[in-house]
Every structure is written in C-alpha cells, then in structure tokens.
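So this block is upload13.txt, compact mmCIF, C-alpha atoms:
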# COMPACT_ATOMS: atom_id res chain seq x y z
CA MET A 1 16.38 3.19 -5.61
CA GLU A 2 15.69 6.58 -3.99
CA VAL A 3 15.55 8.14 -7.44
CA VAL A 4 13.21 5.40 -8.69
CA LEU A 5 10.88 6.01 -5.73
CA TRP A 6 10.84 9.76 -6.29
CA GLN A 7 10.39 9.32 -10.02
CA VAL A 8 7.52 6.81 -9.78
CA LEU A 9 5.78 8.31 -6.72
CA ALA A 10 6.37 12.03 -7.18
CA ALA A 11 7.81 13.17 -10.51
CA THR A 12 5.57 11.51 -13.10
CA ARG A 13 2.09 12.63 -14.06
CA GLY A 14 0.34 10.04 -11.91
CA GLY A 15 3.02 10.11 -9.18
CA PRO A 16 1.10 11.73 -6.30
CA ASN A 17 -1.84 9.34 -6.75
CA ARG A 18 0.55 6.39 -6.81
CA ALA A 19 1.99 7.64 -3.50
CA ARG A 20 -1.54 7.70 -2.06
CA ILE A 21 -2.11 4.14 -3.28
CA LEU A 22 1.13 2.92 -1.71
CA ARG A 23 0.27 4.65 1.57
CA ALA A 24 -3.14 2.95 1.59
CA LEU A 25 -1.51 -0.44 0.91
CA ASP A 26 0.91 0.14 3.77
CA GLU A 27 -2.00 0.75 6.15
CA ARG A 28 -3.74 -2.38 4.94
CA PRO A 29 -3.16 -4.55 1.84
CA ARG A 30 -6.22 -4.55 -0.41
CA ASN A 31 -7.36 -5.22 -3.96
CA ALA A 32 -7.85 -2.78 -6.82
CA ASN A 33 -11.56 -2.50 -6.25
CA ARG A 34 -11.20 -1.53 -2.58
CA LEU A 35 -8.45 0.94 -3.46
CA ALA A 36 -10.69 2.62 -6.02
CA ASP A 37 -13.49 2.91 -3.45
CA ASP A 38 -11.31 4.01 -0.54
CA LEU A 39 -9.31 6.59 -2.52
CA ASP A 40 -12.24 7.76 -4.64
CA LEU A 41 -10.42 7.01 -7.90
CA ALA A 42 -11.67 5.33 -11.07
CA TYR A 43 -11.04 1.58 -11.14
CA ASN A 44 -9.09 1.84 -14.43
CA THR A 45 -6.90 4.57 -12.96
CA VAL A 46 -6.07 2.38 -9.97
CA ARG A 47 -5.41 -0.57 -12.31
CA HIS A 48 -2.96 1.50 -14.34
CA HIS A 49 -1.16 2.82 -11.24
CA LEU A 50 -0.89 -0.69 -9.76
CA ASP A 51 0.61 -1.96 -13.02
CA VAL A 52 3.23 0.81 -12.97
CA LEU A 53 3.98 0.19 -9.28
CA GLU A 54 4.31 -3.56 -9.89
CA GLU A 55 6.43 -3.05 -13.01
CA HIS A 56 8.93 -1.13 -10.86
CA ASP A 57 8.68 -3.73 -8.08
CA LEU A 58 7.28 -1.24 -5.59
CA VAL A 59 4.28 -3.46 -4.80
CA THR A 60 3.68 -7.20 -5.04
CA SER A 61 0.42 -9.05 -5.48
CA GLY A 62 -1.11 -12.36 -4.57
CA ASP A 63 -1.64 -15.23 -6.99
CA GLU A 64 -5.32 -14.86 -7.85
CA SER A 65 -5.83 -12.92 -11.07
CA TYR A 66 -9.18 -11.49 -10.00
CA GLY A 67 -9.48 -9.54 -6.75
CA THR A 68 -5.81 -10.04 -6.01
CA VAL A 69 -4.51 -8.20 -2.95
CA TYR A 70 -1.54 -5.83 -3.27
CA LEU A 71 1.06 -4.93 -0.66
CA PRO A 72 4.34 -2.96 -0.54
CA SER A 73 7.26 -5.02 -1.89
CA GLU A 74 10.36 -6.12 0.00
CA ARG A 75 12.36 -3.59 -2.00
CA THR A 76 10.06 -0.78 -0.99
CA ARG A 77 10.25 -1.88 2.67
CA ASN A 78 14.05 -1.72 2.48
CA HIS A 79 13.84 1.95 1.50
CA TRP A 80 10.94 2.86 3.72
CA ASP A 81 12.60 6.04 5.03
CA THR A 82 12.54 7.51 1.52
CA VAL A 83 8.90 6.46 1.13
CA GLU A 84 8.08 8.12 4.47
CA ASP A 85 9.83 11.27 3.19
CA ILE A 86 7.56 11.33 0.16
CA PHE A 87 4.43 10.66 2.27
CA THR A 88 5.37 13.46 4.69
CA ASN A 89 5.54 15.95 1.83
CA LEU A 90 2.39 14.64 0.14
CA ARG A 91 -0.38 17.18 0.50
CA GLU A 92 -3.99 16.13 0.44
CA MET B 1 17.85 21.06 -43.31
CA VAL B 2 17.41 24.17 -41.26
CA ASP B 3 13.68 23.40 -41.39
CA ALA B 4 14.23 20.05 -39.66
CA ALA B 5 16.24 21.83 -36.97
CA ARG B 6 13.45 24.40 -36.53
CA VAL B 7 10.80 21.68 -36.21
CA ALA B 8 12.96 19.74 -33.73
CA ALA B 9 13.57 22.84 -31.61
CA GLY B 10 9.84 23.66 -31.71
CA ILE B 11 8.94 20.12 -30.60
CA ASN B 12 11.50 20.40 -27.80
CA VAL B 13 9.93 23.63 -26.55
CA VAL B 14 6.45 22.06 -26.49
CA LEU B 15 7.57 18.83 -24.78
CA LEU B 16 9.65 20.70 -22.20
CA LEU B 17 6.69 22.95 -21.37
CA GLY B 18 4.63 19.77 -20.87
CA LEU B 19 7.28 18.26 -18.59
CA LEU B 20 7.59 21.51 -16.64
CA ARG B 21 3.84 21.57 -16.15
CA ILE B 22 3.87 18.04 -14.67
CA TRP B 23 6.92 18.67 -12.49
CA ILE B 24 5.84 22.07 -11.17
CA ARG B 25 2.33 20.79 -10.40
CA ASN B 26 3.77 17.75 -8.61
CA TYR B 27 6.32 19.90 -6.79
CA ARG B 28 3.43 21.81 -5.22
CA GLU B 29 2.04 18.48 -3.99
CA VAL B 30 5.29 16.68 -3.16
CA PRO B 31 8.27 19.05 -2.80
CA GLY B 32 11.70 17.42 -2.96
CA SER B 33 15.23 17.92 -4.26
CA ILE B 34 14.77 15.52 -7.19
CA LEU B 35 11.78 17.44 -8.51
CA ARG B 36 13.67 20.69 -7.93
CA GLY B 37 16.52 19.31 -10.05
CA LEU B 38 14.16 18.17 -12.79
CA ILE B 39 12.52 21.60 -12.93
CA LEU B 40 15.87 23.39 -13.14
CA PHE B 41 17.02 20.93 -15.82
CA ALA B 42 13.89 21.55 -17.90
CA VAL B 43 14.11 25.35 -17.54
CA LEU B 44 17.73 25.39 -18.75
CA LEU B 45 17.00 23.03 -21.64
CA LEU B 46 13.98 25.16 -22.52
CA ALA B 47 16.18 28.27 -22.60
CA GLU B 48 18.63 26.44 -24.86
CA ASN B 49 15.88 25.53 -27.29
CA VAL B 50 14.35 29.00 -27.33
CA VAL B 51 17.77 30.48 -28.15
CA ALA B 52 18.31 27.79 -30.81
CA LEU B 53 14.91 28.49 -32.37
CA TYR B 54 15.64 32.22 -32.44
CA PHE B 55 18.99 31.51 -34.06
CA TYR B 56 17.50 29.21 -36.73
CA PHE B 57 15.20 32.02 -37.85
CA ASN B 58 17.97 34.65 -37.84
CA ALA B 59 21.01 32.59 -38.85
CA PRO B 60 23.72 34.05 -41.11
CA ALA B 61 24.80 32.03 -44.16
CA MET B 62 26.76 29.03 -42.89
CA PRO B 63 28.71 26.16 -44.45
CA PRO B 64 26.35 23.24 -45.27
CA LEU B 65 28.31 20.91 -42.99
CA ALA B 66 27.70 23.17 -39.98
CA VAL B 67 23.98 23.34 -40.77
CA GLU B 68 23.83 19.56 -41.10
CA VAL B 69 25.60 18.88 -37.83
CA MET B 70 23.41 21.35 -35.95
CA MET B 71 20.30 19.75 -37.42
CA ILE B 72 21.49 16.31 -36.28
CA LEU B 73 22.18 17.58 -32.76
CA GLN B 74 18.75 19.19 -32.54
CA VAL B 75 16.94 16.07 -33.82
CA LEU B 76 18.83 13.79 -31.41
CA GLU B 77 17.90 16.10 -28.56
CA ALA B 78 14.25 15.96 -29.64
CA VAL B 79 14.31 12.14 -29.57
CA GLY B 80 15.85 12.20 -26.09
CA ILE B 81 13.29 14.64 -24.72
CA ALA B 82 10.46 12.68 -26.36
CA VAL B 83 11.58 9.53 -24.54
CA LEU B 84 11.70 11.43 -21.24
CA PHE B 85 8.28 12.89 -21.90
CA TYR B 86 6.81 9.46 -22.66
CA THR B 87 8.10 7.88 -19.45
CA ASN B 88 6.90 10.82 -17.37
CA TRP B 89 3.46 10.88 -18.92
CA GLN B 90 2.62 7.39 -17.63
Output the structure of this file as structure tokens.
Amino acid sequence: MEVVLWQVLAATRGGPNRARILRALDERPRNANRLADDLDLAYNTVRHHLDVLEEHDLVTSGDESYGTVYLPSERTRNHWDTVEDIFTNLRE
Amino acid sequence: MVDAARVAAGINVVLLLGLLRIWIRNYREVPGSILRGLILFAVLLLAENVVALYFYFNAPAMPPLAVEVMMILQVLEAVGIAVLFYTNWQ
C-alpha cells in the first residue's frame, strides 16, 4: 500500500496535484467543483484526478452522481502516516 | 531484424527520457526513496539502451539466431517500458 500511495500521489505525472487534492479532502470533504475552485485547477483535471484516486481506492464518494462529495477512504486512513510523509515533502 | 532491435532501443531511450522527466520533476516537489529508486532504475535502463543502440549500429557479423534473440529481448523490453510509461502518464 505504501508503494501504491507513493506511486499515485508522487511518482506519476499528476501525482503532486493528486496529493494536494487528497490533502484538501482531508481538511474537509467536498465535491469536484469546490476542489477545482479551492485548488485553482481546471474542473476536468480535478475530475480525472478524482477518478484515478477512486480507482485506486484512495478516496470514496457519496451516492449522488452530480455534486457528489469525496473523502479519504478507509484504506487511506489506515496508512495515514505514509500520506502524512508525502504531504510533509510536498512543496507548494 | 537488426532494424527492429534498433527501433525498439530508440523507442526505449525516448520513453525512458520521458519517465525520467516526470520522476525528476516530481522528486523536486515530493522527494522520497521510491522516487529515488525509480530515477536510478530509469538511468540504468537508459544506459543499457544507449549501449545497445550503439552496438546495433556497430555490430560485427553474428549468427542469425543471436540477432533474432537479441531483437526479441529488445522488443519485449520496449513493450514493458511502454506499459510503465502509460501508467505513469495518467
């Protein structure tokens, strides 16, 4: 799981932005639109990153298809020390 | 057959440079041992492919079987690196 977290959040092309998204969701769960606004990213970029994060079970979402709120998954919570490690190194 | 090996080695060099670019850029943003390992891995594989490419353009006459096997190895390596590149591009 540590390797998956590093791979998805740090090693891939969109990794650092995905780490920023996960950090924002940890502060407060929110939907794709809010994420795009708060992180100053394009909505489609956020959409793509959320899909990758969800595919790897790093975030989970509510039931509504539109405006659904995302939050860190149970699996991510269980390895939160690794996530913190990545956040600590993440430069703005 | 040596042409296929040359093309495969050339593709490998290009893809590995692309991977290195992603990993080195990300390492500046998020340093960590896994990224360090990936960068070292890519540098060594890049060196292998540069040597291979040089060899394919300066190779002595070799038995056809040896040429064929080397071509197969090079093409398989290209497929592997292409898969890695695809997953890291997302």
Residues of chain B near chain A: apply a cut-off of 6 Å, count all atoms listed in the file, and supply the list as JSON, numbers by chain. {"B": [22, 23, 29, 30, 88, 89]}
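Between atom CA of Arg21 of chain B and atom CA of Ile34 of chain B the separation is 15.4 Å.
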Find the spatial neighbours of segment 69-76 of chain B, counting only C-alpha atoms, within a cut-off of 8 Å - ignore same-chain residues fewer than 5 positions away - and output them as a ChimeraX atom specification. /B:1-2,4-5,8-9
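In this structure, atom CA of Thr76 of chain A sits 14.1 Å away from atom CA of Glu27 of chain A.
Across B:Gln90, B:Phe85, B:Val13, B:Asp3, the tightest approach to Asn49 of chain B is made by B:Val13 when counting all atoms listed in the file.
If you measure from each of B:Val51, B:Val83, B:Leu19, B:Tyr56 to Ile39 of chain B using only C-alpha atoms, the closest one turns out to be B:Leu19.
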Considering only C-alpha atoms, return as a ChimeraX atom specification whatever protein or nucleic-acid residues lie within 10 Å of Ile11 of chain B, sequence-local ones (same chain, fewer than 5 positions apart) excluded. /B:5-6,16-17,49,75,78-79,81-82
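The coordinates place atom CA of Leu53 of chain A at 9.7 Å from atom CA of Leu5 of chain A.
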With a distance cut-off of 10 Å and only C-alpha atoms, select the neighbouring residues of segment 29-44 of chain A, excluding the residue or stretch itself and same-chain residues fewer than 6 positions from it, and output the selection as a PyMOL selection string. chain A and resi 17+20-23+50+61-62+66-72
